[in-house]
file model_24.cif (mmCIF, C-alpha atoms)
data_target
loop_
_atom_site.label_atom_id
_atom_site.label_comp_id
_atom_site.auth_asym_id
_atom_site.auth_seq_id
_atom_site.Cartn_x
_atom_site.Cartn_y
_atom_site.Cartn_z
CA MET A 1 90.31 91.61 123.60
CA SER A 2 90.46 94.96 121.82
CA ASP A 3 93.52 95.96 119.83
CA VAL A 4 94.82 99.51 119.92
CA ALA A 5 93.30 101.74 117.24
CA LEU A 6 95.46 102.80 114.32
CA GLN A 7 95.81 106.31 112.92
CA VAL A 8 97.30 107.21 109.54
CA LEU A 9 99.54 110.27 109.16
CA ASP A 10 99.45 111.06 105.44
CA GLY A 11 100.72 114.63 105.36
CA THR A 12 97.32 116.35 105.29
CA GLN A 13 98.02 117.44 108.87
CA LEU A 14 100.87 119.65 107.59
CA ARG A 15 99.13 121.44 104.72
CA GLY A 16 97.89 124.38 106.82
CA LEU A 17 100.93 124.70 109.04
CA ASP A 18 102.13 128.11 110.24
CA LEU A 19 105.26 128.84 108.19
CA SER A 20 106.04 132.33 109.47
CA LEU A 21 109.57 133.17 110.61
CA GLY A 22 110.89 136.10 112.55
CA ASP A 23 113.35 138.69 111.30
CA GLY A 24 117.01 137.97 110.83
CA SER A 25 118.95 135.25 109.06
CA PHE A 26 118.76 131.48 109.48
CA THR A 27 121.12 128.64 108.70
CA GLY A 28 119.80 125.66 106.79
CA ALA A 29 120.24 123.55 109.92
CA ALA A 30 118.12 126.01 111.94
CA ILE A 31 115.39 125.93 109.28
CA LEU A 32 115.32 122.13 109.43
CA ASP A 33 115.04 122.19 113.23
CA ILE A 34 112.15 124.66 113.04
CA ALA A 35 110.44 122.52 110.40
CA HIS A 36 110.84 119.35 112.44
CA SER A 37 109.48 121.03 115.56
CA ARG A 38 106.42 122.44 113.80
CA ALA A 39 105.76 119.21 111.95
CA SER A 40 105.97 117.27 115.20
CA SER A 41 103.45 119.60 116.86
CA SER A 42 100.96 118.79 114.08
CA LEU A 43 101.72 115.07 114.08
CA LEU A 44 100.71 114.15 117.62
CA ARG A 45 104.12 115.38 118.92
CA LEU A 46 105.74 112.51 117.06
CA SER A 47 109.42 112.85 116.20
CA LEU A 48 109.80 112.35 112.47
CA PRO A 49 111.75 109.21 111.55
CA ASP A 50 115.16 109.86 109.99
CA SER A 51 114.00 108.10 106.82
CA VAL A 52 111.21 110.67 106.34
CA LYS A 53 113.59 113.58 106.97
CA ALA A 54 116.14 112.21 104.50
CA SER A 55 113.52 111.58 101.80
CA ALA A 56 112.05 115.05 102.25
CA LEU A 57 115.49 116.64 102.00
CA THR A 58 116.11 114.68 98.80
CA ARG A 59 112.89 116.11 97.37
CA LEU A 60 114.38 119.61 97.77
CA ARG A 61 117.02 118.54 95.23
CA SER A 62 119.79 120.13 97.23
CA PRO A 63 123.04 118.83 95.67
CA ASP A 64 125.01 119.01 98.92
CA ALA A 65 123.17 118.37 102.19
CA ASP A 66 126.09 119.54 104.34
CA ALA A 67 126.42 122.76 102.37
CA PHE A 68 122.68 123.33 102.69
CA ARG A 69 122.81 122.95 106.48
CA SER A 70 125.67 125.39 106.87
CA ALA A 71 124.35 127.98 104.38
CA VAL A 72 122.86 131.21 105.77
CA TYR A 73 119.54 132.50 104.39
CA ALA A 74 117.89 135.90 104.75
CA ALA A 75 114.42 135.88 106.31
CA ASP A 76 112.47 135.91 103.03
CA LYS A 77 114.52 133.12 101.49
CA ALA A 78 114.43 131.15 104.76
CA SER A 79 110.61 131.28 104.70
CA ASP A 80 110.62 129.89 101.17
CA VAL A 81 112.97 127.07 102.19
CA LEU A 82 110.84 126.28 105.25
CA ARG A 83 107.69 126.14 103.10
CA ASP A 84 109.35 123.91 100.50
CA TYR A 85 110.72 121.54 103.13
CA ILE A 86 107.42 121.21 105.00
CA THR A 87 105.71 120.59 101.65
CA ALA A 88 108.34 117.93 100.90
CA ILE A 89 107.61 116.22 104.23
CA ALA A 90 103.87 116.32 103.50
CA ASP A 91 104.43 114.90 100.01
CA GLU A 92 106.63 112.13 101.42
CA LEU A 93 103.95 111.20 103.95
CA LYS A 94 101.32 111.26 101.21
CA ASP A 95 103.33 108.70 99.24
CA ASN A 96 104.45 106.72 102.30
CA PRO A 97 102.08 107.37 105.21
CA LEU A 98 103.04 106.55 108.78
CA VAL A 99 100.68 104.35 110.79
CA VAL A 100 100.71 105.09 114.50
CA SER A 101 98.95 104.04 117.67
CA ILE A 102 98.16 106.49 120.46
CA LEU A 103 98.61 104.67 123.75
CA ASP A 104 96.43 106.51 126.25
CA GLY A 105 95.64 103.69 128.68
CA SER A 106 92.20 102.97 127.22
CA THR A 107 93.09 99.49 125.94
CA LEU A 108 94.60 98.52 129.29
CA ARG A 109 91.52 99.91 131.01
CA LEU A 110 89.28 97.64 128.93
CA LEU A 111 91.43 94.60 129.70
CA LEU A 112 91.36 95.32 133.42
CA LYS A 113 87.63 96.03 133.42
CA ASP A 114 86.72 92.63 131.96
CA GLU A 115 87.66 90.05 134.58
CA ASP A 116 87.37 87.14 132.16
CA ASP A 117 89.59 88.80 129.55
CA PHE A 118 92.22 89.67 132.13
CA ALA A 119 92.17 86.16 133.62
CA MET A 120 92.65 84.61 130.17
CA LEU A 121 95.50 87.03 129.41
CA ALA A 122 97.29 86.39 132.69
CA GLU A 123 96.93 82.62 132.31
CA SER A 124 98.21 82.71 128.73
CA LEU A 125 101.22 84.86 129.64
CA PHE A 126 102.08 82.74 132.68
CA THR A 127 101.93 79.52 130.66
CA GLU A 128 104.09 81.04 127.93
CA LEU A 129 106.70 82.28 130.40
CA ASP A 130 106.79 79.07 132.48
CA ASP A 131 109.36 77.41 130.21
CA GLU A 132 110.13 74.60 132.64
CA ASP A 133 106.47 73.89 133.38
CA GLU A 134 107.19 74.29 137.10
CA GLY A 135 104.05 76.22 137.95
CA LYS A 136 106.21 79.11 139.15
CA ILE A 137 108.12 81.94 137.47
CA SER A 138 110.28 84.76 138.84
CA LYS A 139 108.94 88.25 139.45
CA SER A 140 111.27 89.61 136.82
CA GLU A 141 109.25 87.81 134.14
CA ILE A 142 106.66 90.60 134.44
CA ARG A 143 108.95 92.60 132.15
CA ASN A 144 108.73 89.89 129.49
CA ALA A 145 104.97 89.68 129.99
CA LEU A 146 104.65 93.38 129.19
CA ILE A 147 106.90 92.99 126.16
CA GLN A 148 104.75 90.12 124.89
CA MET A 149 101.59 92.18 125.37
CA GLY A 150 103.16 94.93 123.30
CA VAL A 151 101.57 97.86 121.54
CA GLU A 152 98.64 95.71 120.36
CA MET A 153 97.47 95.53 123.99
CA GLY A 154 98.36 99.10 124.86
CA VAL A 155 101.84 98.59 126.34
CA PRO A 156 104.51 100.94 124.95
CA PRO A 157 108.05 99.70 124.22
CA PHE A 158 110.43 100.19 127.14
CA SER A 159 112.66 102.25 124.82
CA GLU A 160 109.87 104.80 124.26
CA PHE A 161 108.44 104.83 127.77
CA PRO A 162 111.29 104.32 130.27
CA GLN A 163 108.87 105.04 133.13
CA LEU A 164 107.96 101.35 132.81
CA ASN A 165 111.23 100.53 134.57
CA ASP A 166 110.18 102.74 137.49
CA LEU A 167 106.82 100.97 137.70
CA LEU A 168 108.49 97.57 137.84
CA ARG A 169 110.83 98.72 140.61
CA LYS A 170 107.93 100.25 142.51
CA HIS A 171 106.17 96.87 142.56
CA GLY A 172 109.32 94.88 143.21
CA ALA A 173 108.93 93.20 139.84
CA ASP A 174 112.66 93.15 139.14
CA GLY A 175 113.57 90.42 141.62
CA GLU A 176 113.91 86.66 141.34
CA GLU A 177 111.29 85.69 143.90
CA LYS A 178 109.11 82.89 142.51
CA LEU A 179 105.42 83.46 141.90
CA GLY A 180 102.55 81.07 141.27
CA GLN A 181 99.95 81.87 138.63
CA ALA A 182 97.59 83.68 141.03
CA GLN A 183 100.43 85.79 142.47
CA PHE A 184 101.69 86.55 138.98
CA ALA A 185 98.21 87.68 137.90
CA GLN A 186 97.89 89.92 140.96
CA LEU A 187 101.28 91.58 140.33
CA LEU A 188 100.56 91.98 136.61
CA GLN A 189 97.22 93.60 137.43
CA SER A 190 98.89 96.12 139.77
CA VAL A 191 101.52 97.05 137.21
CA MET A 192 98.90 97.39 134.46
CA GLN A 193 96.73 99.61 136.65
CA ASP A 194 99.61 101.99 137.31
CA LEU A 195 100.64 101.93 133.65
CA GLU A 196 97.08 102.76 132.59
CA GLU A 197 97.10 105.74 134.95
CA GLU A 198 100.49 106.98 133.67
CA LEU A 199 99.44 106.69 130.03
CA SER A 200 96.19 108.54 130.67
CA LYS A 201 98.31 111.47 131.89
CA GLU A 202 101.05 111.18 129.26
CA ASN A 203 100.04 109.56 125.97
CA VAL A 204 102.67 107.72 123.96
CA VAL A 205 102.58 107.71 120.14
CA VAL A 206 104.19 104.65 118.59
CA ILE A 207 104.96 104.13 114.90
CA ARG A 208 103.68 100.73 113.83
CA ASN A 209 105.45 98.40 111.43
CA ILE A 210 102.55 98.79 109.01
CA GLN A 211 102.75 99.93 105.41
CA VAL A 212 99.93 101.77 103.68
CA VAL A 213 99.80 100.75 100.01
CA ASN A 214 97.89 103.60 98.38
CA GLY A 215 98.92 103.37 94.73
CA SER A 216 101.47 106.22 94.84
CA LYS A 217 104.35 104.01 93.68
CA LEU A 218 102.16 102.54 90.94
CA ARG A 219 101.26 106.01 89.69
CA GLN A 220 104.94 106.91 89.49
CA LEU A 221 105.56 103.70 87.57
CA LEU A 222 102.74 104.38 85.12
CA ALA A 223 104.22 107.82 84.46
CA ASN A 224 107.64 106.32 83.65
CA GLU A 225 107.44 104.85 80.15
CA GLN A 226 110.87 103.24 80.36
CA GLU A 227 110.08 101.34 83.55
CA LEU A 228 106.68 100.35 82.21
CA ASN A 229 108.24 98.99 79.03
CA THR A 230 110.72 96.97 81.09
CA ILE A 231 107.83 95.32 82.95
CA VAL A 232 106.00 94.58 79.71
CA GLU A 233 109.16 93.01 78.30
CA LYS A 234 109.52 90.73 81.33
CA VAL A 235 105.86 89.70 81.20
CA PHE A 236 106.12 89.05 77.47
CA ARG A 237 109.21 86.89 78.04
CA GLU A 238 107.34 84.87 80.66
CA LYS A 239 104.47 84.43 78.20
CA VAL A 240 106.84 83.19 75.50
CA ASP A 241 108.50 80.78 77.93
CA ALA A 242 105.22 79.48 79.36
CA ARG A 243 104.65 75.79 78.75
CA ASP A 244 101.51 75.17 80.81
CA GLY A 245 98.98 76.86 78.54
CA SER A 246 98.40 79.76 80.94
CA SER A 247 96.41 82.69 79.57
CA SER A 248 97.88 86.17 79.27
CA THR A 249 95.86 87.28 82.29
CA GLU A 250 97.14 84.41 84.42
CA ILE A 251 100.74 85.16 83.44
CA ILE A 252 100.33 88.85 84.25
CA ARG A 253 98.77 88.06 87.63
CA SER A 254 101.55 85.63 88.49
CA TYR A 255 104.18 88.23 87.61
CA LEU A 256 102.49 90.97 89.65
CA GLU A 257 102.10 88.72 92.68
CA LYS A 258 105.78 87.69 92.56
CA ASN A 259 106.98 91.29 92.17
CA ALA A 260 104.35 93.05 94.28
CA LYS A 261 106.76 94.80 96.65
CA GLU A 262 108.89 96.30 93.86
CA LEU A 263 105.82 97.43 91.94
CA GLY A 264 104.06 99.04 94.89
CA LEU A 265 101.31 96.44 95.12
CA PRO A 266 100.11 94.86 98.37
CA LEU A 267 101.55 91.46 99.23
CA LEU A 268 99.02 88.65 99.17
CA GLN A 269 100.43 87.27 102.43
CA ALA A 270 99.60 90.49 104.28
CA GLU A 271 95.85 90.98 104.36
CA VAL A 272 92.59 89.45 103.19
CA ALA A 273 91.91 92.86 101.62
CA ALA A 274 94.86 92.28 99.27
CA VAL A 275 93.41 88.98 98.05
CA LEU A 276 90.03 90.61 97.45
CA LEU A 277 91.73 93.46 95.57
CA TYR A 278 93.59 91.10 93.20
CA ASP A 279 90.48 88.99 92.65
CA GLY A 280 88.35 92.05 91.92
CA VAL A 281 90.79 93.55 89.42
CA PHE A 282 91.43 90.32 87.55
CA ASP A 283 87.82 89.13 87.61
CA ASP A 284 86.95 92.34 85.79
CA VAL A 285 89.75 91.76 83.26
CA ILE A 286 88.78 88.14 82.65
CA THR A 287 85.18 89.06 81.84
CA LYS A 288 86.47 91.36 79.09
CA GLU A 289 89.08 88.94 77.72
CA LYS A 290 88.09 86.95 74.66
CA ASP A 291 88.37 83.20 75.03
CA GLY A 292 91.60 81.84 73.56
CA GLU A 293 92.71 85.23 72.20
CA GLU A 294 96.47 85.37 71.62
CA LEU A 295 97.90 88.79 72.44
CA ASP A 296 100.84 90.25 70.58
CA LYS A 297 103.32 92.44 72.41
CA GLU A 298 101.44 95.66 71.74
CA LYS A 299 98.13 94.29 73.02
CA LEU A 300 99.89 92.72 76.01
CA ALA A 301 101.46 96.08 76.85
CA LYS A 302 98.05 97.73 76.80
CA LEU A 303 96.58 94.99 79.00
CA VAL A 304 99.42 95.31 81.55
CA LYS A 305 99.00 99.09 81.65
CA ASP A 306 95.22 98.83 82.04
CA ILE A 307 95.61 96.36 84.91
CA LEU A 308 98.17 98.50 86.71
CA GLN A 309 95.98 101.56 86.20
CA LYS A 310 93.03 99.74 87.71
CA PHE A 311 95.15 98.71 90.71
CA ALA A 312 96.29 102.33 91.17
CA GLU A 313 92.70 103.61 91.09
CA GLN A 314 91.48 100.97 93.53
CA LEU A 315 94.35 101.55 95.96
CA GLU A 316 93.90 105.31 95.86
CA ALA A 317 90.23 104.88 96.75
CA ASN A 318 90.80 102.06 99.27
CA PRO A 319 94.41 101.84 100.52
CA VAL A 320 95.54 98.50 101.93
CA GLN A 321 97.36 98.39 105.25
CA GLN A 322 99.78 95.50 105.56
CA ASP A 323 101.54 94.42 108.74
CA LEU A 324 105.17 94.14 107.71
CA SER A 325 106.06 92.09 110.81
CA TYR A 326 103.62 89.41 109.68
CA VAL A 327 104.86 89.54 106.11
CA GLU A 328 108.51 89.23 107.20
CA ASP A 329 107.64 86.19 109.33
CA GLU A 330 105.75 84.58 106.47
CA LEU A 331 108.56 85.15 103.97
CA SER A 332 111.40 84.11 106.30
#
call {"tool": "encode", "arguments": {"input": "model_24.cif", "output": "structure tokens"}}
result
Amino acid sequence: MSDVALQVLDGTQLRGLDLSLGDGSFTGAAILDIAHSRASSSLLRLSLPDSVKASALTRLRSPDADAFRSAVYAADKASDVLRDYITAIADELKDNPLVVSILDGSTLRLLLKDEDDFAMLAESLFTELDDEDEGKISKSEIRNALIQMGVEMGVPPFSEFPQLNDLLRKHGADGEEKLGQAQFAQLLQSVMQDLEEELSKENVVVIRNIQVVNGSKLRQLLANEQELNTIVEKVFREKVDARDGSSSTEIIRSYLEKNAKELGLPLLQAEVAAVLLYDGVFDDVITKEKDGEELDKEKLAKLVKDILQKFAEQLEANPVQQDLSYVEDELS
């Protein structure tokens, strides 16, 4: 079965945006609304998350957000503010890209086209929903079947595509009549066919719970000498306290793995790509490390910085996408 394709919105889509404004004056709030509308038109008509808006506004370094919204700007100044805010949104997306899926019915179409795939899906869903192992479930369980299929199989969340409720009512899939597996499969197929048709006419863009680790946070860390020194101090303390004969490289790797999220590194639990990244960086370091060499604090600091720099370069060239839902489940 094919998963829905992913698309990364990293701000490049906003760099050539039309920033012209008409004559007259504009409030800060009006400028923000215009910016959000134009950004959305360039980002697959996606409404920007509040977190992105707030971070972009912070980048403007406006001391009082409420005062900014109520302030009135002449046309020339308003154009400057619009440009700066759009640039701030683009910069925020560059550092923290959004990963989205465009649900256009194609994934559902593939599932319906392959009889074997659809039969396996329907059987799996029926078995999962038949809690009492009775061989029958109510019609209303079709809703839960669609929820279980989720975005990965091309089904939008009910909250973002309320037309799903209309489809269920159309097919009488909101009642308590009991269905056997064959009847369930037939009803599911009918609902999926109509959903595929609706999505082909009106695509739905869904933000995925996926983080793109591209080295931006690491680069900020490397540019902050105070933060970098704090990390070196913690690594050095762990080296002093070590009692198992671990090498400097092993201690550094252990520290980075334990503090990956705070440092802007990918979590090892997330993707095979993360494991390969760590192995590649540290294999290169190990080949250059002299056997049994004891590092003083200054040399340790240089080694930590070199390792973080190598991670930043690798992540900029090959960003790692990590499914945060999976990570949260693994860490819970």
call {"tool": "atom_distance", "arguments": {"input": "model_24.cif", "atom1": "atom CA of Ile89 of chain A", "atom2": "atom CA of Pro63 of chain A"}}
result
17.8 Å
call {"tool": "closest_residue", "arguments": {"input": "model_24.cif", "among": "A:Val204, A:Leu300, A:Asp130, A:Phe311", "to": "Ser159 of chain A", "atoms": "all atoms listed in the file"}}
result
A:Val204
call {"tool": "closest_residue", "arguments": {"input": "model_24.cif", "among": "A:Glu316, A:Asp283, A:Glu250, A:Asp84", "to": "Arg15 of chain A", "atoms": "all atoms listed in the file"}}
result
A:Asp84
call {"tool": "residues_near_point", "arguments": {"input": "model_24.cif", "point": "(91.3, 99.4, 136.5)", "cutoff": "12 Å", "atoms": "only C-alpha atoms", "output": "PyMOL selection string"}}
result
chain A and resi 105-115+118+188-197+200
call {"tool": "residues_around", "arguments": {"input": "model_24.cif", "residues": "Ala274 of chain A", "least_positions_apart": "3", "cutoff": "12 Å", "atoms": "only C-alpha atoms", "output": "NGL selection string"}}
result
:A and (212-214 or 257 or 260 or 265-271 or 277-281 or 311 or 314-315 or 318-323)
call {"tool": "closest_residue", "arguments": {"input": "model_24.cif", "among": "A:Met149, A:Ala75, A:Ala35, A:Asp166", "to": "Ser47 of chain A", "atoms": "all atoms listed in the file"}}
result
A:Ala35
call {"tool": "residues_around", "arguments": {"input": "model_24.cif", "residues": "Lys139 of chain A", "least_positions_apart": "4", "cutoff": "6 Å", "atoms": "all atoms listed in the file", "output": "compact mmCIF listing (two decimals) with C-alpha atoms, in the coordinates of the input"}}
result
# COMPACT_ATOMS: atom_id res chain seq x y z
CA ALA A 173 108.93 93.20 139.84
CA GLY A 175 113.57 90.42 141.62
CA GLU A 176 113.91 86.66 141.34
CA GLU A 177 111.29 85.69 143.90
call {"tool": "atom_distance", "arguments": {"input": "model_24.cif", "atom1": "atom CA of Phe68 of chain A", "atom2": "atom CA of Ile86 of chain A"}}
result
15.6 Å
call {"tool": "atom_distance", "arguments": {"input": "model_24.cif", "atom1": "atom CA of Leu82 of chain A", "atom2": "atom CA of Ala29 of chain A"}}
result
10.8 Å
call {"tool": "resolve_selection", "arguments": {"input": "model_24.cif", "expression": "the PyMOL selection byres ((chain A and resi 143-146) around 9)", "output": "number ranges by chain"}}
result
A: 122, 125-126, 128-129, 139-142, 147-150, 155-157, 164-165, 168, 173-174, 188, 192
call {"tool": "write_last_selection", "arguments": {"input": "model_24.cif", "atoms": "C-alpha atoms", "output": "tab-separated table (two decimals), keeping the file's coordinate frame"}}
result
chain	number	residue	atom	x	y	z
A	122	ALA	CA	97.29	86.39	132.69
A	125	LEU	CA	101.22	84.86	129.64
A	126	PHE	CA	102.08	82.74	132.68
A	128	GLU	CA	104.09	81.04	127.93
A	129	LEU	CA	106.70	82.28	130.40
A	139	LYS	CA	108.94	88.25	139.45
A	140	SER	CA	111.27	89.61	136.82
A	141	GLU	CA	109.25	87.81	134.14
A	142	ILE	CA	106.66	90.60	134.44
A	147	ILE	CA	106.90	92.99	126.16
A	148	GLN	CA	104.75	90.12	124.89
A	149	MET	CA	101.59	92.18	125.37
A	150	GLY	CA	103.16	94.93	123.30
A	155	VAL	CA	101.84	98.59	126.34
A	156	PRO	CA	104.51	100.94	124.95
A	157	PRO	CA	108.05	99.70	124.22
A	164	LEU	CA	107.96	101.35	132.81
A	165	ASN	CA	111.23	100.53	134.57
A	168	LEU	CA	108.49	97.57	137.84
A	173	ALA	CA	108.93	93.20	139.84
A	174	ASP	CA	112.66	93.15	139.14
A	188	LEU	CA	100.56	91.98	136.61
A	192	MET	CA	98.90	97.39	134.46
call {"tool": "closest_residue", "arguments": {"input": "model_24.cif", "among": "A:Leu103, A:Leu308, A:Ala119, A:Leu19", "to": "Ala223 of chain A", "atoms": "all atoms listed in the file"}}
result
A:Leu308
call {"tool": "build_atoms", "arguments": {"input": "model_24.cif", "residues": "segment 55-75 of chain A", "atoms": "N, CA, C and O atoms", "output": "PDB file, in the coordinates of the input"}}
result
ATOM      1  N   SER A  55     114.272 111.590 103.067  1.00  0.00           N
ATOM      2  CA  SER A  55     113.520 111.580 101.800  1.00  0.00           C
ATOM      3  C   SER A  55     113.003 112.975 101.468  1.00  0.00           C
ATOM      4  O   SER A  55     113.017 113.387 100.308  1.00  0.00           O
ATOM      5  N   ALA A  56     112.552 113.696 102.482  1.00  0.00           N
ATOM      6  CA  ALA A  56     112.050 115.050 102.250  1.00  0.00           C
ATOM      7  C   ALA A  56     113.175 115.968 101.793  1.00  0.00           C
ATOM      8  O   ALA A  56     112.994 116.796 100.887  1.00  0.00           O
ATOM      9  N   LEU A  57     114.344 115.818 102.398  1.00  0.00           N
ATOM     10  CA  LEU A  57     115.490 116.640 102.000  1.00  0.00           C
ATOM     11  C   LEU A  57     115.896 116.336 100.570  1.00  0.00           C
ATOM     12  O   LEU A  57     116.252 117.240  99.799  1.00  0.00           O
ATOM     13  N   THR A  58     115.804 115.069 100.181  1.00  0.00           N
ATOM     14  CA  THR A  58     116.110 114.680  98.800  1.00  0.00           C
ATOM     15  C   THR A  58     115.148 115.342  97.826  1.00  0.00           C
ATOM     16  O   THR A  58     115.533 115.735  96.718  1.00  0.00           O
ATOM     17  N   ARG A  59     113.892 115.488  98.235  1.00  0.00           N
ATOM     18  CA  ARG A  59     112.890 116.110  97.370  1.00  0.00           C
ATOM     19  C   ARG A  59     113.206 117.586  97.101  1.00  0.00           C
ATOM     20  O   ARG A  59     112.727 118.162  96.132  1.00  0.00           O
ATOM     21  N   LEU A  60     113.998 118.215  97.987  1.00  0.00           N
ATOM     22  CA  LEU A  60     114.380 119.610  97.770  1.00  0.00           C
ATOM     23  C   LEU A  60     115.426 119.737  96.666  1.00  0.00           C
ATOM     24  O   LEU A  60     115.721 120.842  96.207  1.00  0.00           O
ATOM     25  N   ARG A  61     115.993 118.587  96.277  1.00  0.00           N
ATOM     26  CA  ARG A  61     117.020 118.540  95.230  1.00  0.00           C
ATOM     27  C   ARG A  61     118.233 119.412  95.560  1.00  0.00           C
ATOM     28  O   ARG A  61     118.814 120.057  94.694  1.00  0.00           O
ATOM     29  N   SER A  62     118.572 119.430  96.827  1.00  0.00           N
ATOM     30  CA  SER A  62     119.790 120.130  97.230  1.00  0.00           C
ATOM     31  C   SER A  62     120.983 119.243  96.915  1.00  0.00           C
ATOM     32  O   SER A  62     121.064 118.115  97.423  1.00  0.00           O
ATOM     33  N   PRO A  63     121.943 119.701  96.094  1.00  0.00           N
ATOM     34  CA  PRO A  63     123.040 118.830  95.670  1.00  0.00           C
ATOM     35  C   PRO A  63     123.978 118.432  96.800  1.00  0.00           C
ATOM     36  O   PRO A  63     124.606 117.386  96.756  1.00  0.00           O
ATOM     37  N   ASP A  64     124.077 119.275  97.829  1.00  0.00           N
ATOM     38  CA  ASP A  64     125.010 119.010  98.920  1.00  0.00           C
ATOM     39  C   ASP A  64     124.298 119.284 100.242  1.00  0.00           C
ATOM     40  O   ASP A  64     124.086 120.449 100.621  1.00  0.00           O
ATOM     41  N   ALA A  65     123.932 118.223 100.953  1.00  0.00           N
ATOM     42  CA  ALA A  65     123.170 118.370 102.190  1.00  0.00           C
ATOM     43  C   ALA A  65     123.970 119.132 103.244  1.00  0.00           C
ATOM     44  O   ALA A  65     123.421 119.969 103.980  1.00  0.00           O
ATOM     45  N   ASP A  66     125.266 118.859 103.343  1.00  0.00           N
ATOM     46  CA  ASP A  66     126.090 119.540 104.340  1.00  0.00           C
ATOM     47  C   ASP A  66     126.187 121.036 104.043  1.00  0.00           C
ATOM     48  O   ASP A  66     126.109 121.878 104.945  1.00  0.00           O
ATOM     49  N   ALA A  67     126.345 121.355 102.762  1.00  0.00           N
ATOM     50  CA  ALA A  67     126.420 122.760 102.370  1.00  0.00           C
ATOM     51  C   ALA A  67     125.091 123.460 102.655  1.00  0.00           C
ATOM     52  O   ALA A  67     125.062 124.625 103.088  1.00  0.00           O
ATOM     53  N   PHE A  68     123.999 122.757 102.423  1.00  0.00           N
ATOM     54  CA  PHE A  68     122.680 123.330 102.690  1.00  0.00           C
ATOM     55  C   PHE A  68     122.531 123.645 104.177  1.00  0.00           C
ATOM     56  O   PHE A  68     122.035 124.720 104.544  1.00  0.00           O
ATOM     57  N   ARG A  69     122.965 122.739 105.037  1.00  0.00           N
ATOM     58  CA  ARG A  69     122.810 122.950 106.480  1.00  0.00           C
ATOM     59  C   ARG A  69     123.643 124.121 106.980  1.00  0.00           C
ATOM     60  O   ARG A  69     123.239 124.826 107.910  1.00  0.00           O
ATOM     61  N   SER A  70     124.794 124.317 106.393  1.00  0.00           N
ATOM     62  CA  SER A  70     125.670 125.390 106.870  1.00  0.00           C
ATOM     63  C   SER A  70     125.393 126.733 106.200  1.00  0.00           C
ATOM     64  O   SER A  70     125.848 127.777 106.678  1.00  0.00           O
ATOM     65  N   ALA A  71     124.648 126.735 105.094  1.00  0.00           N
ATOM     66  CA  ALA A  71     124.350 127.980 104.380  1.00  0.00           C
ATOM     67  C   ALA A  71     123.484 128.902 105.237  1.00  0.00           C
ATOM     68  O   ALA A  71     122.711 128.447 106.087  1.00  0.00           O
ATOM     69  N   VAL A  72     123.633 130.212 105.028  1.00  0.00           N
ATOM     70  CA  VAL A  72     122.860 131.210 105.770  1.00  0.00           C
ATOM     71  C   VAL A  72     121.876 131.881 104.811  1.00  0.00           C
ATOM     72  O   VAL A  72     122.253 132.306 103.713  1.00  0.00           O
ATOM     73  N   TYR A  73     120.589 131.954 105.240  1.00  0.00           N
ATOM     74  CA  TYR A  73     119.540 132.500 104.390  1.00  0.00           C
ATOM     75  C   TYR A  73     118.901 133.711 105.062  1.00  0.00           C
ATOM     76  O   TYR A  73     118.640 133.707 106.272  1.00  0.00           O
ATOM     77  N   ALA A  74     118.645 134.749 104.256  1.00  0.00           N
ATOM     78  CA  ALA A  74     117.890 135.900 104.750  1.00  0.00           C
ATOM     79  C   ALA A  74     116.461 135.459 105.048  1.00  0.00           C
ATOM     80  O   ALA A  74     116.007 134.408 104.593  1.00  0.00           O
ATOM     81  N   ALA A  75     115.750 136.272 105.812  1.00  0.00           N
ATOM     82  CA  ALA A  75     114.420 135.880 106.310  1.00  0.00           C
ATOM     83  C   ALA A  75     113.469 135.455 105.205  1.00  0.00           C
ATOM     84  O   ALA A  75     112.780 134.431 105.319  1.00  0.00           O
TER      85      ALA A  75
END
